[in-house]
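Shown next: upload-v8.cif, given as mmCIF, C-alpha atoms.
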```
data_target
loop_
_atom_site.label_atom_id
_atom_site.label_comp_id
_atom_site.auth_asym_id
_atom_site.auth_seq_id
_atom_site.Cartn_x
_atom_site.Cartn_y
_atom_site.Cartn_z
CA VAL M 128 120.93 37.51 289.80
CA LEU M 129 123.50 40.31 289.90
CA VAL M 130 124.55 39.39 293.42
CA ALA M 131 124.94 35.71 292.52
CA ALA M 132 127.00 36.53 289.43
CA ALA M 133 129.22 38.89 291.39
CA GLY M 134 129.71 36.25 294.07
CA GLU M 135 130.77 33.67 291.51
CA ALA M 136 133.24 36.15 290.02
CA VAL M 137 134.73 36.84 293.43
CA SER M 138 135.07 33.14 294.18
CA ALA M 139 136.71 32.39 290.84
CA VAL M 140 139.26 35.20 290.99
CA THR M 141 140.20 34.75 294.66
CA THR M 142 140.58 30.96 294.55
CA TYR M 143 142.02 30.22 291.12
CA PRO M 144 145.83 30.61 291.25
CA ALA M 145 147.63 32.27 288.35
CA ASP M 146 151.12 31.10 287.40
CA ASN M 147 152.92 34.39 287.88
CA HIS M 148 150.43 36.56 289.74
CA PRO M 149 149.31 36.63 293.38
CA VAL M 150 145.73 35.85 294.26
CA VAL M 151 143.58 39.00 294.41
CA PRO M 152 142.48 39.66 298.01
CA ALA M 153 138.91 38.62 298.66
CA ASN M 154 138.00 41.86 300.42
CA TYR M 155 139.10 43.88 297.38
CA MET M 156 136.99 41.75 295.04
CA LEU M 157 134.01 41.92 297.39
CA ALA M 158 134.17 45.70 297.34
CA LEU M 159 134.42 45.66 293.55
CA ALA M 160 131.49 43.28 293.26
CA SER M 161 129.39 45.43 295.62
CA ALA M 162 130.12 48.53 293.54
CA LEU M 163 129.10 46.62 290.40
CA VAL M 164 125.81 45.56 291.97
CA VAL M 165 125.03 49.13 293.09
CA HIS M 166 125.87 50.56 289.64
CA CYS M 167 123.79 48.00 287.79
CA GLY M 168 120.94 48.50 290.23
CA LYS M 169 120.93 52.24 289.59
CA GLU M 170 120.98 51.74 285.83
CA GLN M 171 118.10 49.28 286.03
CA ALA M 172 116.09 51.68 288.21
CA LYS M 173 116.79 54.49 285.73
CA ARG M 174 115.54 52.35 282.83
CA GLN M 175 112.42 51.38 284.77
CA LEU M 176 111.69 55.04 285.58
CA GLN M 177 112.11 55.96 281.92
CA LEU M 178 109.71 53.21 280.84
CA ALA M 179 107.15 54.10 283.50
CA SER M 180 107.18 57.83 282.77
CA SER M 181 107.50 57.90 278.98
CA ASP M 182 105.29 57.45 275.93
CA PRO M 183 106.19 54.23 274.08
CA LEU M 184 105.56 55.77 270.64
CA THR M 185 107.62 58.96 270.85
CA GLY M 186 109.77 58.35 273.92
CA ALA M 187 108.54 61.66 275.36
CA LEU M 188 107.88 61.86 279.09
CA ASN M 189 104.33 62.04 280.44
CA ARG M 190 102.27 64.78 282.08
CA ARG M 191 102.74 63.51 285.63
CA TYR M 192 106.50 63.73 285.25
CA LEU M 193 106.10 67.17 283.65
CA LEU M 194 104.36 68.53 286.74
CA THR M 195 107.16 67.14 288.91
CA GLN M 196 109.76 68.87 286.74
CA LEU M 197 107.88 72.16 286.77
CA ALA M 198 107.76 72.07 290.57
CA SER M 199 111.54 71.56 290.53
CA MET M 200 111.94 74.50 288.16
CA ARG M 201 109.99 76.77 290.49
CA ALA M 202 112.11 75.66 293.45
CA GLU M 203 115.28 76.33 291.45
CA PHE M 204 114.11 79.84 290.64
CA ALA M 205 113.31 80.52 294.29
CA ARG M 206 116.70 79.17 295.38
CA ALA M 207 119.03 80.47 292.67
CA GLU M 208 116.86 82.65 290.36
CA ARG M 209 117.32 80.09 287.62
CA ILE M 210 115.08 81.13 284.72
CA SER M 211 113.86 78.47 282.30
CA SER M 212 111.25 78.37 279.56
CA LEU M 213 108.21 76.30 278.73
CA VAL M 214 107.30 75.60 275.10
CA LEU M 215 103.90 74.13 274.28
CA MET M 216 103.56 72.69 270.77
CA ASP M 217 100.62 71.22 268.90
CA VAL M 218 100.44 69.59 265.46
CA ASP M 219 98.24 71.67 263.17
CA GLY M 220 95.52 69.52 261.62
CA LEU M 221 96.56 66.14 262.99
CA LYS M 222 92.92 65.00 263.01
CA ALA M 223 92.70 65.71 259.28
CA ILE M 224 95.89 63.72 258.73
CA ASN M 225 94.47 60.79 260.70
CA ASP M 226 91.17 60.97 258.80
CA SER M 227 92.85 61.16 255.38
CA PHE M 228 95.85 58.86 255.81
CA GLY M 229 95.10 56.75 258.87
CA HIS M 230 96.32 56.78 262.45
CA LYS M 231 99.52 54.93 261.54
CA VAL M 232 100.60 57.94 259.47
CA GLY M 233 99.49 60.27 262.25
CA ASP M 234 101.68 58.34 264.68
CA ALA M 235 104.60 58.64 262.27
CA VAL M 236 104.08 62.42 262.25
CA LEU M 237 104.34 62.51 266.05
CA GLU M 238 107.46 60.34 265.98
CA SER M 239 109.05 62.56 263.35
CA LEU M 240 108.31 65.69 265.37
CA ALA M 241 109.77 64.20 268.56
CA THR M 242 112.93 63.19 266.69
CA ILE M 243 113.40 66.65 265.18
CA VAL M 244 112.89 68.40 268.52
CA ARG M 245 115.47 66.17 270.25
CA GLU M 246 118.00 66.85 267.50
CA ARG M 247 117.60 70.60 267.99
CA VAL M 248 117.63 70.86 271.79
CA ARG M 249 120.29 70.01 274.37
CA GLY M 250 120.51 66.74 276.23
CA SER M 251 119.58 68.53 279.44
CA ASP M 252 116.26 69.76 277.97
CA ALA M 253 113.16 67.58 278.38
CA LEU M 254 110.31 66.71 276.01
CA PHE M 255 106.87 65.65 277.26
CA LEU M 256 103.72 64.37 275.54
CA THR M 257 100.69 65.71 277.42
CA GLY M 258 97.89 64.97 274.98
CA GLY M 259 97.13 63.19 271.73
CA ASP M 260 99.08 65.70 269.64
CA GLU M 261 100.38 68.15 272.25
CA PHE M 262 103.99 68.27 273.40
CA VAL M 263 105.67 70.34 276.08
CA LEU M 264 109.35 71.21 276.03
CA ILE M 265 111.27 72.47 279.06
CA LEU M 266 114.38 74.47 278.20
CA GLY M 267 116.60 74.90 281.23
CA ASP M 268 118.49 78.17 281.74
CA ALA M 269 116.77 79.69 278.71
CA LYS M 270 114.85 82.95 278.49
CA ALA M 271 111.65 83.14 276.45
CA SER M 272 113.51 84.86 273.60
CA SER M 273 115.88 81.88 273.34
CA ALA M 274 112.94 79.50 273.43
CA LEU M 275 111.32 81.43 270.58
CA LYS M 276 114.42 80.85 268.47
CA VAL M 277 114.31 77.12 269.24
CA ALA M 278 110.65 76.98 268.20
CA ASN M 279 111.34 78.74 264.90
CA ASP M 280 114.32 76.46 264.28
CA VAL M 281 112.07 73.43 264.78
CA ARG M 282 109.54 74.89 262.32
CA GLN M 283 112.29 75.17 259.72
CA LEU M 284 113.68 71.70 260.42
CA ILE M 285 110.21 70.22 259.90
CA ARG M 286 110.19 71.69 256.40
CA GLU M 287 113.65 70.32 255.68
CA GLN M 288 113.80 66.94 257.41
CA VAL M 289 110.35 65.34 257.47
CA PRO M 290 110.45 62.16 255.31
CA GLN M 291 108.88 62.56 251.89
CA GLU M 292 106.45 59.70 252.50
CA LEU M 293 104.74 61.71 255.25
CA PRO M 294 102.14 64.39 254.48
CA ASP M 295 103.12 68.02 255.04
CA PHE M 296 102.42 69.26 258.55
CA ALA M 297 103.20 72.25 260.71
CA ILE M 298 103.33 73.10 264.41
CA SER M 299 101.92 75.93 266.51
CA PHE M 300 103.99 76.98 269.53
CA GLY M 301 103.18 78.83 272.74
CA ILE M 302 106.06 80.03 274.92
CA CYS M 303 106.29 81.36 278.44
CA CYS M 304 109.03 81.97 280.97
CA VAL M 305 109.21 79.62 283.96
CA ASP M 306 109.81 81.70 287.08
CA ASP M 307 108.51 82.06 290.63
CA SER M 308 105.53 84.22 289.77
CA SER M 309 102.91 81.51 289.37
CA SER M 310 102.09 77.80 289.64
CA ALA M 311 102.84 75.04 287.16
CA ASP M 312 99.22 75.09 286.00
CA ASP M 313 99.48 78.85 285.42
CA TRP M 314 102.58 78.37 283.27
CA LEU M 315 100.83 75.74 281.19
CA GLU M 316 97.76 77.96 280.83
CA ARG M 317 99.84 80.94 279.69
CA ALA M 318 101.69 78.81 277.14
CA ASP M 319 98.39 77.34 275.95
CA GLU M 320 96.91 80.82 275.44
CA ALA M 321 99.96 81.85 273.41
CA MET M 322 99.69 78.69 271.30
CA TYR M 323 95.99 79.36 270.72
CA GLU M 324 96.92 82.81 269.39
CA ALA M 325 99.36 81.15 266.98
CA LYS M 326 96.60 78.83 265.75
CA LYS M 327 94.12 81.72 265.35
CA GLN M 328 96.62 83.37 263.03
CA GLY M 329 96.72 80.33 260.78
CA GLY M 330 99.11 78.01 262.59
CA ASP M 331 102.72 77.23 261.72
CA ALA M 332 103.76 80.01 264.10
CA ALA M 333 105.35 80.60 267.50
CA ARG M 334 103.98 83.14 269.99
CA MET M 335 105.28 84.29 273.37
CA ALA M 336 102.92 84.67 276.32
CA THR M 337 102.21 88.23 277.40
#
```

Target encoding structure tokens, full file:
Amino acid sequence: VLVAAAGEAVSAVTTYPADNHPVVPANYMLALASALVVHCGKEQAKRQLQLASSDPLTGALNRRYLLTQLASMRAEFARAERISSLVLMDVDGLKAINDSFGHKVGDAVLESLATIVRERVRGSDALFLTGGDEFVLILGDAKASSALKVANDVRQLIREQVPQELPDFAISFGICCVDDSSSADDWLERADEAMYEAKKQGGDAARMAT
């Protein structure tokens, strides 16, 4: 469809004479049309990748894409010593919310959390949904101490920005540094252990992996 439309545009511009302007050379318009097709093709491929790798409810990316990104992070550390951080987050008591208010409200809680996280982080950071109520955030070029601040900022924003029609909820966070010392599964396990410690202490807390 794009090729046909571009071809029609080329034909119209190169054959229809203007009163005071020369006809645009066909080779110039062909090059322009080719560039348009390539650009639109890339944008369409990007949209398809986003749809295939993201959760339709929250827009967060999926676990398969997370593992791909973590492998890239490890390669970046090995190549340029680029340190990043992994933040695991879990909604405290989501099952109770679903049982008391229904899954529609529980879904709204997840949507609200995803929105708040995106507003706090940079466009280059990436949010993933890896379980029913478990998110993972990759913070590029960020040490664990910086990631801890982001987690605590998100905790505060939840208190301030969650719509009044939603029940109160809180998040437990586990944080670890992404470096070349272990595998992607090890990073996730370390972050999960830190998050479990936060939950053992009552939830609504952020803990760094040791």

So that each row is one residue of range 236-272 of chain M with an atom at most 12 Å from range 326-335 of chain M, can you give its shortest atom pair and the distance in Å to one decimal, using all atoms listed in the file, rows by chain and rising number, as JSON lines?
```
{"residue": "M:Lys270", "atom": "CA", "partner": "M:Met335", "partner_atom": "CA", "distance": 10.9}
{"residue": "M:Ala271", "atom": "CA", "partner": "M:Met335", "partner_atom": "CA", "distance": 7.2}
{"residue": "M:Ser272", "atom": "CA", "partner": "M:Met335", "partner_atom": "CA", "distance": 8.3}
```

For the selection just defined, write its residues with C-alpha atoms to a file, as a PDB file, in the coordinates of the input.
```pdb
ATOM      1  CA  LYS M 270     114.850  82.950 278.490  1.00  0.00           C
ATOM      2  CA  ALA M 271     111.650  83.140 276.450  1.00  0.00           C
ATOM      3  CA  SER M 272     113.510  84.860 273.600  1.00  0.00           C
TER       4      SER M 272
END
```

### Task
Using all atoms listed in the file, determine which residues lie at most 12 Å from Arg201 in chain M, disregarding the query and same-chain residues fewer than 6 positions distant; provide the list as a list in words.
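So, after excluding close chain neighbours, the residues are Leu194, Thr195, Ala207, Glu208, Arg209, Ile210, Ser211, Ser212, Leu213, Gly267, Cys304, Val305, Asp306, Asp307, Ser308, Ser309, Ser310, Ala311, Asp312, Asp313 and Trp314 of chain M.
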
### Query
If you measure from CA of Leu193 in chain M to CA of Gly258 in chain M, what distance in Å do you get, rounded to one decimal?
12.1 Å

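With CA of Ala241 in chain M on one side and CA of Ala336 in chain M on the other, the separation reads 22.9 Å.
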
### Summary
What separates CA of Leu215 in chain M and CA of Met322 in chain M is a distance of 6.9 Å

As JSON, please: the centre and edge lengths in Å, to one decimal, of an axis-aligned box enclosing every listed atom of range 216-219 of chain M with 5 Å added on each side.
```
{"center_x": 100.9, "center_y": 71.1, "center_z": 267.0, "size_x": 15.3, "size_y": 13.1, "size_z": 17.6}
```

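Applied to this file, the PyMOL selection byres ((chain M and resi 232-237) around 8) selects Leu184, Thr185, Leu221, Ile224, Asn225, Phe228, Gly229, His230, Lys231, Glu238, Ser239, Leu240, Ala241, Asp260, Leu293 and Phe296 of chain M.
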
Using only C-alpha atoms, please write the residues we just selected to a file, as a PDB file, keeping the file's coordinate frame.
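Writing the result to out_31.pdb gives the following:
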```pdb
ATOM      1  CA  LEU M 184     105.560  55.770 270.640  1.00  0.00           C
ATOM      2  CA  THR M 185     107.620  58.960 270.850  1.00  0.00           C
ATOM      3  CA  LEU M 221      96.560  66.140 262.990  1.00  0.00           C
ATOM      4  CA  ILE M 224      95.890  63.720 258.730  1.00  0.00           C
ATOM      5  CA  ASN M 225      94.470  60.790 260.700  1.00  0.00           C
ATOM      6  CA  PHE M 228      95.850  58.860 255.810  1.00  0.00           C
ATOM      7  CA  GLY M 229      95.100  56.750 258.870  1.00  0.00           C
ATOM      8  CA  HIS M 230      96.320  56.780 262.450  1.00  0.00           C
ATOM      9  CA  LYS M 231      99.520  54.930 261.540  1.00  0.00           C
ATOM     10  CA  GLU M 238     107.460  60.340 265.980  1.00  0.00           C
ATOM     11  CA  SER M 239     109.050  62.560 263.350  1.00  0.00           C
ATOM     12  CA  LEU M 240     108.310  65.690 265.370  1.00  0.00           C
ATOM     13  CA  ALA M 241     109.770  64.200 268.560  1.00  0.00           C
ATOM     14  CA  ASP M 260      99.080  65.700 269.640  1.00  0.00           C
ATOM     15  CA  LEU M 293     104.740  61.710 255.250  1.00  0.00           C
ATOM     16  CA  PHE M 296     102.420  69.260 258.550  1.00  0.00           C
TER      17      PHE M 296
END
```

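Each of M:Ser299, M:Asn189, M:Ser227, M:Thr337 was compared to Tyr323 in chain M using all atoms listed in the file, and M:Ser299 turns out to be the nearest.
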
Can you rebuild range 236-247 of chain M with all heavy atoms and give it as a PDB file, in the frame of the given file?
```pdb
ATOM      1  N   VAL M 236     103.896  60.967 262.150  1.00  0.00           N
ATOM      2  CA  VAL M 236     104.080  62.420 262.250  1.00  0.00           C
ATOM      3  C   VAL M 236     104.562  62.786 263.643  1.00  0.00           C
ATOM      4  O   VAL M 236     105.510  63.575 263.811  1.00  0.00           O
ATOM      5  CB  VAL M 236     102.774  63.157 261.907  1.00  0.00           C
ATOM      6  CG1 VAL M 236     102.858  64.626 262.322  1.00  0.00           C
ATOM      7  CG2 VAL M 236     102.485  63.064 260.411  1.00  0.00           C
ATOM      8  N   LEU M 237     103.937  62.222 264.674  1.00  0.00           N
ATOM      9  CA  LEU M 237     104.340  62.510 266.050  1.00  0.00           C
ATOM     10  C   LEU M 237     105.767  62.029 266.316  1.00  0.00           C
ATOM     11  O   LEU M 237     106.556  62.720 266.970  1.00  0.00           O
ATOM     12  CB  LEU M 237     103.377  61.837 267.027  1.00  0.00           C
ATOM     13  CG  LEU M 237     101.929  62.333 267.000  1.00  0.00           C
ATOM     14  CD1 LEU M 237     101.070  61.520 267.969  1.00  0.00           C
ATOM     15  CD2 LEU M 237     101.851  63.809 267.335  1.00  0.00           C
ATOM     16  N   GLU M 238     106.099  60.852 265.810  1.00  0.00           N
ATOM     17  CA  GLU M 238     107.460  60.340 265.980  1.00  0.00           C
ATOM     18  C   GLU M 238     108.477  61.246 265.299  1.00  0.00           C
ATOM     19  O   GLU M 238     109.542  61.533 265.848  1.00  0.00           O
ATOM     20  CB  GLU M 238     107.560  58.923 265.398  1.00  0.00           C
ATOM     21  CG  GLU M 238     106.877  57.848 266.209  1.00  0.00           C
ATOM     22  CD  GLU M 238     107.087  56.479 265.613  1.00  0.00           C
ATOM     23  OE1 GLU M 238     106.343  56.113 264.680  1.00  0.00           O
ATOM     24  OE2 GLU M 238     108.014  55.773 266.049  1.00  0.00           O
ATOM     25  N   SER M 239     108.146  61.694 264.089  1.00  0.00           N
ATOM     26  CA  SER M 239     109.050  62.560 263.350  1.00  0.00           C
ATOM     27  C   SER M 239     109.266  63.875 264.089  1.00  0.00           C
ATOM     28  O   SER M 239     110.391  64.374 264.200  1.00  0.00           O
ATOM     29  CB  SER M 239     108.487  62.822 261.944  1.00  0.00           C
ATOM     30  OG  SER M 239     109.350  63.662 261.203  1.00  0.00           O
ATOM     31  N   LEU M 240     108.195  64.445 264.621  1.00  0.00           N
ATOM     32  CA  LEU M 240     108.310  65.690 265.370  1.00  0.00           C
ATOM     33  C   LEU M 240     109.199  65.507 266.592  1.00  0.00           C
ATOM     34  O   LEU M 240     110.082  66.339 266.855  1.00  0.00           O
ATOM     35  CB  LEU M 240     106.918  66.173 265.795  1.00  0.00           C
ATOM     36  CG  LEU M 240     106.883  67.356 266.766  1.00  0.00           C
ATOM     37  CD1 LEU M 240     107.572  68.572 266.163  1.00  0.00           C
ATOM     38  CD2 LEU M 240     105.446  67.695 267.153  1.00  0.00           C
ATOM     39  N   ALA M 241     108.971  64.442 267.358  1.00  0.00           N
ATOM     40  CA  ALA M 241     109.770  64.200 268.560  1.00  0.00           C
ATOM     41  C   ALA M 241     111.245  64.051 268.215  1.00  0.00           C
ATOM     42  O   ALA M 241     112.125  64.564 268.919  1.00  0.00           O
ATOM     43  CB  ALA M 241     109.265  62.947 269.281  1.00  0.00           C
ATOM     44  N   THR M 242     111.538  63.370 267.118  1.00  0.00           N
ATOM     45  CA  THR M 242     112.930  63.190 266.690  1.00  0.00           C
ATOM     46  C   THR M 242     113.578  64.521 266.334  1.00  0.00           C
ATOM     47  O   THR M 242     114.709  64.813 266.734  1.00  0.00           O
ATOM     48  CB  THR M 242     112.997  62.239 265.475  1.00  0.00           C
ATOM     49  OG1 THR M 242     112.485  60.956 265.860  1.00  0.00           O
ATOM     50  CG2 THR M 242     114.429  62.076 264.991  1.00  0.00           C
ATOM     51  N   ILE M 243     112.867  65.355 265.587  1.00  0.00           N
ATOM     52  CA  ILE M 243     113.400  66.650 265.180  1.00  0.00           C
ATOM     53  C   ILE M 243     113.649  67.545 266.386  1.00  0.00           C
ATOM     54  O   ILE M 243     114.690  68.217 266.474  1.00  0.00           O
ATOM     55  CB  ILE M 243     112.432  67.326 264.187  1.00  0.00           C
ATOM     56  CG1 ILE M 243     112.500  66.610 262.833  1.00  0.00           C
ATOM     57  CG2 ILE M 243     112.760  68.809 264.021  1.00  0.00           C
ATOM     58  CD1 ILE M 243     111.453  67.074 261.839  1.00  0.00           C
ATOM     59  N   VAL M 244     112.714  67.563 267.326  1.00  0.00           N
ATOM     60  CA  VAL M 244     112.890  68.400 268.520  1.00  0.00           C
ATOM     61  C   VAL M 244     114.127  67.959 269.291  1.00  0.00           C
ATOM     62  O   VAL M 244     114.942  68.793 269.712  1.00  0.00           O
ATOM     63  CB  VAL M 244     111.637  68.316 269.424  1.00  0.00           C
ATOM     64  CG1 VAL M 244     111.904  68.986 270.762  1.00  0.00           C
ATOM     65  CG2 VAL M 244     110.451  68.981 268.737  1.00  0.00           C
ATOM     66  N   ARG M 245     114.308  66.657 269.486  1.00  0.00           N
ATOM     67  CA  ARG M 245     115.470  66.170 270.250  1.00  0.00           C
ATOM     68  C   ARG M 245     116.779  66.517 269.551  1.00  0.00           C
ATOM     69  O   ARG M 245     117.791  66.764 270.200  1.00  0.00           O
ATOM     70  CB  ARG M 245     115.371  64.658 270.439  1.00  0.00           C
ATOM     71  CG  ARG M 245     114.304  64.229 271.429  1.00  0.00           C
ATOM     72  CD  ARG M 245     114.514  62.789 271.861  1.00  0.00           C
ATOM     73  NE  ARG M 245     113.388  62.333 272.648  1.00  0.00           N
ATOM     74  CZ  ARG M 245     112.319  61.727 272.151  1.00  0.00           C
ATOM     75  NH1 ARG M 245     112.243  61.485 270.844  1.00  0.00           N
ATOM     76  NH2 ARG M 245     111.332  61.345 272.926  1.00  0.00           N
ATOM     77  N   GLU M 246     116.774  66.510 268.233  1.00  0.00           N
ATOM     78  CA  GLU M 246     118.000  66.850 267.500  1.00  0.00           C
ATOM     79  C   GLU M 246     118.349  68.323 267.660  1.00  0.00           C
ATOM     80  O   GLU M 246     119.522  68.694 267.594  1.00  0.00           O
ATOM     81  CB  GLU M 246     117.821  66.510 266.016  1.00  0.00           C
ATOM     82  CG  GLU M 246     117.806  65.011 265.731  1.00  0.00           C
ATOM     83  CD  GLU M 246     117.562  64.717 264.257  1.00  0.00           C
ATOM     84  OE1 GLU M 246     117.252  65.675 263.510  1.00  0.00           O
ATOM     85  OE2 GLU M 246     117.677  63.543 263.868  1.00  0.00           O
ATOM     86  N   ARG M 247     117.347  69.160 267.883  1.00  0.00           N
ATOM     87  CA  ARG M 247     117.600  70.600 267.990  1.00  0.00           C
ATOM     88  C   ARG M 247     117.983  71.031 269.401  1.00  0.00           C
ATOM     89  O   ARG M 247     118.788  71.954 269.575  1.00  0.00           O
ATOM     90  CB  ARG M 247     116.355  71.371 267.523  1.00  0.00           C
ATOM     91  CG  ARG M 247     116.400  72.874 267.783  1.00  0.00           C
ATOM     92  CD  ARG M 247     117.613  73.515 267.115  1.00  0.00           C
ATOM     93  NE  ARG M 247     117.700  74.934 267.428  1.00  0.00           N
ATOM     94  CZ  ARG M 247     118.242  75.437 268.544  1.00  0.00           C
ATOM     95  NH1 ARG M 247     118.748  74.622 269.473  1.00  0.00           N
ATOM     96  NH2 ARG M 247     118.315  76.743 268.717  1.00  0.00           N
TER      97      ARG M 247
END
```
